[in-house]
Amino acid sequence: MSTIEEIKAATAALNPDEQVELFQWWVQSDTFKARQLAALKRDLTLGVEQLDQGRYQTYDDTSLMQLAEDVGREGRQRLKGGAQDAPA
């Protein structure tokens with residue numbers, strides 16, 4: 001059994017409070033924070049590139065409300081497990 005498999009097995013044996021404590025420890029670790037920051041920087045770079053290329057959508061009051069309704073509906077469907085990942 002690999003070390004990661006051992007860790008997964010040990011984690012599964014923890015009670016819920018211990019699992020939360022472990023999760024909080026991990027998300028506060030420098031390794032996790034560095035990965036999150038790198039991912040954020042990649043996402044921001046991509047977003048700026050898309051803006052520079054004119055790849056964005058503008059919204060008025062009506063279309064913005066429709067967007068909010070669509071996002072809410074898709075989110076509820078995902079929570080229910082009824083929808084596949086929507087195309088980006």
# chains A, B, ... in the order shown; residues from 1 in each chain; ligands from 1
call {"tool": "select_by_dssp", "arguments": {"residues": "stretch 9-87 of chain A", "states": "helix (DSSP H, G or I)", "output": "PyMOL selection string"}}
result
chain A and resi 9-12+16-27+30-52+61-80
call {"tool": "atom_distance", "arguments": {"atom1": "atom CA of A:Trp25", "atom2": "atom CA of A:Ile7"}}
result
14.6 Å
